[in-house]
file entry05.txt (compact mmCIF, C-alpha atoms and all ligand atoms)
# COMPACT_ATOMS: atom_id res chain seq x y z
CA MET A 80 -22.09 -4.14 5.86
CA ARG A 81 -22.20 -7.10 8.25
CA GLY A 82 -19.31 -7.08 10.74
CA LEU A 83 -18.36 -3.41 10.22
CA SER A 84 -18.18 -1.03 13.17
CA GLU A 85 -20.58 1.90 13.52
CA PRO A 86 -17.94 4.49 12.42
CA GLU A 87 -17.14 2.31 9.38
CA ARG A 88 -20.84 2.08 8.45
CA GLN A 89 -21.17 5.83 8.78
CA ARG A 90 -18.09 6.39 6.67
CA ALA A 91 -19.42 4.05 3.97
CA ALA A 92 -22.82 5.74 4.04
CA GLY A 93 -21.16 9.13 3.51
CA MET A 94 -19.28 7.94 0.39
CA ARG A 95 -20.99 9.35 -2.67
CA HIS A 96 -19.15 7.31 -5.27
CA PRO A 97 -20.77 3.79 -5.34
CA LYS A 98 -17.58 2.08 -6.57
CA ARG A 99 -15.49 3.66 -3.82
CA ARG A 100 -18.16 2.71 -1.25
CA MET A 101 -18.18 -0.93 -2.39
CA GLU A 102 -14.37 -1.00 -2.37
CA PHE A 103 -14.28 0.35 1.18
CA ILE A 104 -16.93 -2.10 2.48
CA ARG A 105 -15.28 -5.05 0.76
CA GLY A 106 -11.82 -4.01 2.02
CA ARG A 107 -12.96 -3.57 5.61
CA SER A 108 -14.85 -6.84 5.77
CA LEU A 109 -11.91 -8.77 4.27
CA LEU A 110 -9.56 -7.00 6.66
CA ARG A 111 -11.73 -7.77 9.70
CA ARG A 112 -12.04 -11.43 8.69
CA LEU A 113 -8.28 -11.78 8.21
CA LEU A 114 -7.29 -9.93 11.41
CA GLY A 115 -10.01 -11.82 13.34
CA ARG A 116 -8.49 -15.11 12.20
CA LEU A 117 -4.97 -14.00 13.16
CA MET A 118 -6.11 -12.63 16.52
CA ASN A 119 -8.53 -15.48 17.20
CA MET A 120 -11.59 -13.27 17.63
CA PRO A 121 -14.82 -12.57 15.70
CA PRO A 122 -14.32 -10.03 12.87
CA GLU A 123 -16.71 -7.50 14.41
CA LEU A 124 -14.64 -7.40 17.63
CA VAL A 125 -11.32 -6.60 15.93
CA PRO A 126 -10.30 -3.30 17.59
CA LEU A 127 -9.66 -1.22 14.47
CA THR A 128 -8.89 2.43 14.89
CA THR A 129 -7.69 5.25 12.62
CA LEU A 130 -4.45 7.08 13.40
CA PRO A 131 -4.38 10.90 13.05
CA SER A 132 -2.66 10.38 9.66
CA GLY A 133 -5.72 8.47 8.44
CA LYS A 134 -3.88 5.14 8.49
CA PRO A 135 -6.02 2.32 9.92
CA ALA A 136 -4.36 0.45 12.81
CA LEU A 137 -5.11 -1.89 15.71
CA GLU A 138 -5.62 -0.56 19.21
CA HIS A 139 -2.94 -2.23 21.31
CA PRO A 140 -3.57 -2.72 25.01
CA PRO A 141 -0.14 -2.95 26.72
CA GLY A 142 1.43 -6.41 26.56
CA THR A 143 -0.45 -7.71 23.50
CA LEU A 144 1.11 -8.88 20.25
CA ASP A 145 2.11 -5.86 18.12
CA LEU A 146 0.43 -6.95 14.88
CA ARG A 147 0.46 -4.23 12.20
CA PHE A 148 -1.12 -4.15 8.77
CA ASN A 149 -1.88 -2.06 5.72
CA LEU A 150 -4.38 -2.37 2.90
CA SER A 151 -4.54 -1.34 -0.74
CA HIS A 152 -7.13 -1.74 -3.47
CA THR A 153 -7.41 -1.27 -7.17
CA VAL A 154 -10.01 -2.39 -9.73
CA GLY A 155 -11.18 -5.83 -8.61
CA MET A 156 -8.35 -6.44 -6.17
CA THR A 157 -7.65 -5.94 -2.45
CA LEU A 158 -4.24 -6.59 -0.87
CA VAL A 159 -3.40 -6.68 2.83
CA ALA A 160 0.10 -6.90 4.36
CA THR A 161 0.74 -7.85 7.98
CA THR A 162 3.85 -7.81 10.09
CA PHE A 163 4.92 -7.50 13.73
CA ASN A 164 6.59 -4.61 15.58
CA ALA A 165 7.23 -2.53 12.46
CA ASP A 166 5.29 -0.11 10.29
CA VAL A 167 4.16 -1.64 7.02
CA GLY A 168 2.73 -0.18 3.81
CA ILE A 169 1.34 -1.89 0.73
CA ASP A 170 0.26 -0.56 -2.65
CA VAL A 171 -1.28 -2.14 -5.75
CA GLU A 172 -2.03 -0.41 -9.03
CA ALA A 173 -3.53 -1.61 -12.30
CA HIS A 174 -1.41 -0.37 -15.22
CA ARG A 175 -3.30 2.56 -16.71
CA HIS A 176 -2.64 3.06 -20.38
CA ARG A 177 -3.51 6.74 -20.40
CA ILE A 178 -0.67 7.49 -17.98
CA GLU A 179 2.48 9.17 -19.29
CA PRO A 180 5.25 7.65 -17.14
CA LEU A 181 8.02 10.14 -17.85
CA ARG A 182 5.83 13.18 -17.27
CA LEU A 183 4.54 11.80 -13.94
CA ALA A 184 8.01 10.68 -12.89
CA GLU A 185 9.36 14.17 -13.47
CA ARG A 186 6.55 15.64 -11.42
CA PHE A 187 6.52 13.21 -8.46
CA PHE A 188 9.74 11.18 -8.29
CA SER A 189 13.30 12.28 -7.45
CA PRO A 190 15.54 13.71 -10.20
CA ALA A 191 17.80 10.62 -9.96
CA GLU A 192 14.85 8.24 -10.40
CA SER A 193 13.44 10.24 -13.34
CA ALA A 194 16.84 10.32 -15.04
CA THR A 195 17.29 6.54 -14.62
CA LEU A 196 13.77 5.89 -15.92
CA LEU A 197 14.47 8.06 -18.97
CA SER A 198 17.68 6.13 -19.70
CA LEU A 199 15.90 2.72 -19.87
CA PRO A 200 15.03 1.00 -23.18
CA SER A 201 11.56 2.25 -24.11
CA ALA A 202 9.81 -1.14 -23.55
CA GLN A 203 11.03 -1.14 -19.94
CA ILE A 204 9.88 2.37 -19.01
CA ARG A 205 6.21 1.57 -18.30
CA PRO A 206 6.77 -1.54 -16.11
CA ALA A 207 9.64 0.19 -14.28
CA PHE A 208 7.47 3.27 -13.69
CA PHE A 209 4.62 1.23 -12.17
CA ARG A 210 7.00 -0.77 -9.96
CA LEU A 211 8.57 2.47 -8.76
CA TRP A 212 5.17 4.03 -8.15
CA VAL A 213 3.88 1.15 -5.98
CA GLY A 214 7.23 0.92 -4.17
CA LYS A 215 7.16 4.62 -3.31
CA GLU A 216 3.49 4.55 -2.30
CA ALA A 217 4.20 1.53 -0.07
CA VAL A 218 6.98 3.48 1.67
CA VAL A 219 4.83 6.56 2.34
CA LYS A 220 1.97 4.32 3.47
CA ALA A 221 4.30 2.53 5.91
CA LEU A 222 5.09 5.95 7.38
CA GLY A 223 1.38 6.85 7.43
CA GLY A 224 1.76 9.72 5.01
CA GLY A 225 0.02 10.60 1.78
CA ILE A 226 1.49 11.84 -1.44
CA GLY A 227 1.93 15.18 0.38
CA MET A 228 4.82 13.50 2.25
CA GLY A 229 7.09 14.01 -0.72
CA LEU A 230 7.73 11.09 -3.03
CA ALA A 231 10.94 12.83 -4.16
CA ASP A 232 12.49 12.71 -0.69
CA PHE A 233 13.84 9.19 -1.16
CA ASP A 234 15.24 7.07 -3.99
CA LEU A 235 14.39 3.47 -4.85
CA THR A 236 16.06 1.20 -7.38
CA VAL A 237 14.54 1.80 -10.82
CA ALA A 238 15.89 -0.78 -13.30
CA MET A 239 13.84 -3.98 -13.42
CA ASP A 240 16.99 -6.16 -13.33
CA GLN A 241 17.67 -4.92 -9.78
CA PRO A 242 15.48 -5.97 -6.85
CA LEU A 243 13.26 -3.21 -5.51
CA ALA A 244 15.14 -1.56 -2.63
CA MET A 245 15.63 1.73 -0.81
CA VAL A 246 18.77 3.45 -2.13
CA ALA A 247 18.78 6.72 -0.17
CA THR A 248 16.52 8.87 1.96
CA ARG A 249 16.70 12.57 2.64
CA TRP A 250 14.92 12.20 5.98
CA ARG A 251 17.23 12.68 8.93
CA GLU A 252 15.72 10.04 11.18
CA VAL A 253 15.16 7.11 8.78
CA ASP A 254 18.14 5.72 6.95
CA ALA A 255 17.95 3.63 3.78
CA ALA A 256 19.40 0.46 5.33
CA LYS A 257 16.49 0.30 7.76
CA TRP A 258 13.97 -0.63 5.05
CA THR A 259 12.67 -3.93 3.71
CA LEU A 260 11.02 -3.63 0.28
CA ARG A 261 9.47 -6.37 -1.78
CA GLU A 262 7.89 -6.40 -5.22
CA LEU A 263 4.87 -8.76 -5.24
CA ASP A 264 4.11 -11.34 -7.91
CA MET A 265 0.99 -10.11 -9.68
CA PRO A 266 -1.17 -10.97 -12.70
CA ASN A 267 -0.32 -9.15 -15.95
CA ASN A 268 -0.97 -5.41 -15.91
CA TYR A 269 -0.86 -5.06 -12.14
CA ALA A 270 2.03 -3.92 -9.97
CA ALA A 271 2.26 -4.21 -6.21
CA ALA A 272 4.88 -3.70 -3.53
CA VAL A 273 5.21 -3.86 0.22
CA ALA A 274 7.53 -1.78 2.42
CA VAL A 275 8.46 -2.24 6.08
CA ALA A 276 10.36 0.31 8.14
CA ARG A 277 12.75 -2.35 9.51
CA PRO A 278 15.51 -4.44 7.93
CA HIS A 279 15.12 -8.18 7.18
CA VAL A 280 11.63 -8.45 8.54
CA ALA A 281 9.03 -11.14 7.78
CA VAL A 282 5.94 -9.76 6.08
CA HIS A 283 2.84 -11.66 4.93
CA CYS A 284 0.65 -10.54 2.06
CA TRP A 285 -2.89 -11.58 1.21
CA ASN A 286 -4.48 -10.95 -2.16
CA TRP A 287 -8.22 -11.15 -2.96
CA HIS A 288 -9.18 -11.03 -6.61
CA GLU A 289 -12.82 -10.23 -7.37
CA ASP A 290 -13.60 -13.57 -9.03
CA LYS A 291 -12.11 -15.64 -6.19
C1 LIG B 301 -3.54 6.64 1.37
C2 LIG B 301 -2.72 7.10 0.19
C3 LIG B 301 -1.24 7.24 0.60
C4 LIG B 301 -2.74 6.00 -0.84
O1 LIG B 301 -3.92 5.94 -1.49
P1 LIG B 301 -4.16 5.14 -2.82
O2 LIG B 301 -2.89 4.61 -3.42
O3 LIG B 301 -4.95 6.04 -3.66
O4 LIG B 301 -5.09 3.94 -2.34
P2 LIG B 301 -4.77 2.51 -1.69
O5 LIG B 301 -5.90 1.65 -2.09
O6 LIG B 301 -3.39 2.03 -1.96
O7 LIG B 301 -4.84 2.80 -0.13
C5 LIG B 301 -5.98 3.19 0.51
C6 LIG B 301 -6.04 2.46 1.83
O8 LIG B 301 -4.88 2.73 2.60
C7 LIG B 301 -5.21 2.90 3.97
N1 LIG B 301 -4.82 4.26 4.36
C8 LIG B 301 -5.59 5.39 4.44
N2 LIG B 301 -4.83 6.43 4.84
C9 LIG B 301 -3.58 5.96 4.99
C10 LIG B 301 -2.33 6.55 5.40
N3 LIG B 301 -2.24 7.84 5.73
N4 LIG B 301 -1.23 5.76 5.46
C11 LIG B 301 -1.29 4.46 5.14
N5 LIG B 301 -2.45 3.83 4.76
C12 LIG B 301 -3.57 4.58 4.68
C13 LIG B 301 -6.71 2.66 4.08
O9 LIG B 301 -6.92 1.30 4.46
C14 LIG B 301 -7.20 2.92 2.67
O10 LIG B 301 -8.32 2.15 2.29
P3 LIG B 301 -9.77 2.34 2.96
O11 LIG B 301 -9.99 3.80 3.08
O12 LIG B 301 -10.70 1.67 2.00
O13 LIG B 301 -9.68 1.63 4.28
C15 LIG B 301 -3.29 8.44 -0.35
O14 LIG B 301 -3.41 9.36 0.67
C16 LIG B 301 -2.50 9.13 -1.41
O15 LIG B 301 -1.71 9.99 -1.14
N6 LIG B 301 -2.75 8.84 -2.66
C17 LIG B 301 -2.14 9.52 -3.80
C18 LIG B 301 -1.74 8.55 -4.84
C19 LIG B 301 -1.10 9.23 -6.07
O16 LIG B 301 -1.69 10.10 -6.69
N7 LIG B 301 0.12 8.83 -6.46
C20 LIG B 301 0.78 9.35 -7.65
C21 LIG B 301 2.14 8.67 -7.85
S1 LIG B 301 2.77 8.94 -9.48
call {"tool": "encode", "arguments": {"input": "entry05.txt", "output": "structure tokens"}}
result
Amino acid sequence: MRGLSEPERQRAAGMRHPKRRMEFIRGRSLLRRLLGRLMNMPPELVPLTTLPSGKPALEHPPGTLDLRFNLSHTVGMTLVATTFNADVGIDVEAHRHRIEPLRLAERFFSPAESATLLSLPSAQIRPAFFRLWVGKEAVVKALGGGIGMGLADFDLTVAMDQPLAMVATRWREVDAAKWTLRELDMPNNYAAAVAVARPHVAVHCWNWHEDK
């Protein structure tokens, strides 16, 4: 747990599931090393805090660079996205074969997204579902929300021949044109996406695979 803050060590110690604990420790030390490099400071001094939503963030004294980030992990993989002056969210998922895409889409996604997914040729349904899932998770993570935020309150593009993008939102204050979404190039059987709550914004993504 070298380089982790006292609250992070305590949080890790309180995690009962060993895999989740390892994932958390690995994620935080990678995150601290990366942010330390970008901010030109030792990893243990990176001023990480947790927002009331649970989203980790940097403490920003007035006048400093507004670097923002988000992190996601799945079996054997940790991804971090960074950007400036805009909220960012990232999500990675390993394709799970037990999952029933249409059933989950009907439960969590918007009626328009479910209907489009259902209309796709059957070989395209599973990859389109996972792309949609990571895209939607990236959006709610940018906003600092969990699944409780309502994945059905906005629509993304569904068909794989269209780039991932925000089509419509049913939130009053955030309109669809304000979003930058990007599907990330991943190894087979993984899907990942990043979302930024600003148009045409530069976003950097780092990917650590377990055997790197
Ligand atoms: C945080 C959340 C939005 C995403 O969790 P997840 O996809 O299970 O896990 P990820 O690995 O992508 O993200 C977890 C990381 O995001 C960050 N995070 C935690 N809370 C966050 C929040 N409110 N907003 C943004 N990021 C958050 C943390 O860095 C966390 O990792 P850590 O605890 O090891 O530091 C979670 O609250 C959630 O709602 N998960 C439900 C997922 C689901 O069932 N989707 C079904 C779609 S069909």
call {"tool": "residues_near_ligand", "arguments": {"input": "entry05.txt", "ligand": "ligand LIG 301 (chain B)", "cutoff": "7 Å", "atoms": "only C-alpha atoms and all ligand atoms", "output": "number ranges by chain"}}
result
A: 102-103, 106-107, 132-135, 149-153, 168-171, 183-184, 187, 212, 216, 219-227
call {"tool": "atom_distance", "arguments": {"input": "entry05.txt", "atom1": "atom CA of A:Arg105", "atom2": "atom CA of A:Asn119"}}
result
20.6 Å
call {"tool": "atom_distance", "arguments": {"input": "entry05.txt", "atom1": "atom CA of A:Leu124", "atom2": "atom CA of A:Glu87"}}
result
13.0 Å
call {"tool": "closest_residue", "arguments": {"input": "entry05.txt", "among": "A:Pro206, A:Pro180, A:Pro190, A:Pro278", "to": "A:Ala238", "atoms": "all atoms listed in the file"}}
result
A:Pro206
call {"tool": "residues_near_point", "arguments": {"input": "entry05.txt", "point": "(-1.4, -2.2, 11.0)", "cutoff": "8 Å", "atoms": "all atoms listed in the file", "output": "ChimeraX atom specification"}}
result
/A:135-137,146-149,161-162,166-167
call {"tool": "atom_distance", "arguments": {"input": "entry05.txt", "atom1": "atom CA of A:Arg261", "atom2": "atom CA of A:Ala244"}}
result
7.5 Å
call {"tool": "residues_around", "arguments": {"input": "entry05.txt", "residues": "A:Ala91", "least_positions_apart": "3", "cutoff": "6 Å", "atoms": "only C-alpha atoms", "output": "list of chain:residue names"}}
result
A:Arg88, A:Met94, A:Arg100
call {"tool": "residues_around", "arguments": {"input": "entry05.txt", "residues": "stretch 255-259 of chain A", "least_positions_apart": "2", "cutoff": "7 Å", "atoms": "all atoms listed in the file", "output": "mmCIF file with C-alpha atoms, in the coordinates of the input"}}
result
data_model
loop_
_atom_site.group_PDB
_atom_site.id
_atom_site.type_symbol
_atom_site.label_atom_id
_atom_site.label_comp_id
_atom_site.auth_asym_id
_atom_site.auth_seq_id
_atom_site.Cartn_x
_atom_site.Cartn_y
_atom_site.Cartn_z
ATOM 1 C CA MET A 245 15.630 1.730 -0.810
ATOM 2 C CA VAL A 246 18.770 3.450 -2.130
ATOM 3 C CA ALA A 247 18.780 6.720 -0.170
ATOM 4 C CA THR A 248 16.520 8.870 1.960
ATOM 5 C CA VAL A 253 15.160 7.110 8.780
ATOM 6 C CA ARG A 261 9.470 -6.370 -1.780
ATOM 7 C CA ALA A 274 7.530 -1.780 2.420
ATOM 8 C CA VAL A 275 8.460 -2.240 6.080
ATOM 9 C CA ALA A 276 10.360 0.310 8.140
ATOM 10 C CA ARG A 277 12.750 -2.350 9.510
ATOM 11 C CA PRO A 278 15.510 -4.440 7.930
ATOM 12 C CA HIS A 279 15.120 -8.180 7.180
ATOM 13 C CA VAL A 280 11.630 -8.450 8.540
#
call {"tool": "closest_residue", "arguments": {"input": "entry05.txt", "among": "A:Arg177, A:Lys215, A:Gly229, A:Trp285", "to": "A:Leu260", "atoms": "all atoms listed in the file"}}
result
A:Lys215
call {"tool": "residues_around", "arguments": {"input": "entry05.txt", "residues": "A:Met265", "least_positions_apart": "4", "cutoff": "10 Å", "atoms": "only C-alpha atoms", "output": "VMD selection string"}}
result
chain A and resid 171 173 269 to 272 286
call {"tool": "write_last_selection", "arguments": {"input": "entry05.txt", "atoms": "C-alpha atoms", "output": "PDB file, in the frame of the given file"}}
result
ATOM      1  CA  VAL A 171      -1.280  -2.140  -5.750  1.00  0.00           C
ATOM      2  CA  ALA A 173      -3.530  -1.610 -12.300  1.00  0.00           C
ATOM      3  CA  TYR A 269      -0.860  -5.060 -12.140  1.00  0.00           C
ATOM      4  CA  ALA A 270       2.030  -3.920  -9.970  1.00  0.00           C
ATOM      5  CA  ALA A 271       2.260  -4.210  -6.210  1.00  0.00           C
ATOM      6  CA  ALA A 272       4.880  -3.700  -3.530  1.00  0.00           C
ATOM      7  CA  ASN A 286      -4.480 -10.950  -2.160  1.00  0.00           C
TER       8      ASN A 286
END
call {"tool": "closest_residue", "arguments": {"input": "entry05.txt", "among": "A:Glu85, A:Pro141, A:Arg112, A:Phe209", "to": "A:Thr128", "atoms": "only C-alpha atoms"}}
result
A:Glu85
call {"tool": "axis_aligned_box", "arguments": {"input": "entry05.txt", "around": "stretch 271-275 of chain A", "padding_each_side": "3 Å", "output": "AutoDock Vina command-line options"}}
result
--center_x 5.4 --center_y -3.0 --center_z -0.1 --size_x 12.2 --size_y 8.4 --size_z 18.3
call {"tool": "residues_around", "arguments": {"input": "entry05.txt", "residues": "A:Met239", "least_positions_apart": "3", "cutoff": "9 Å", "atoms": "all atoms listed in the file", "output": "ChimeraX atom specification"}}
result
/A:203,206-207,210,236,242-243
call {"tool": "closest_residue", "arguments": {"input": "entry05.txt", "among": "A:Phe188, A:Phe233, A:Trp250, A:Phe163", "to": "A:His283", "atoms": "only C-alpha atoms"}}
result
A:Phe163
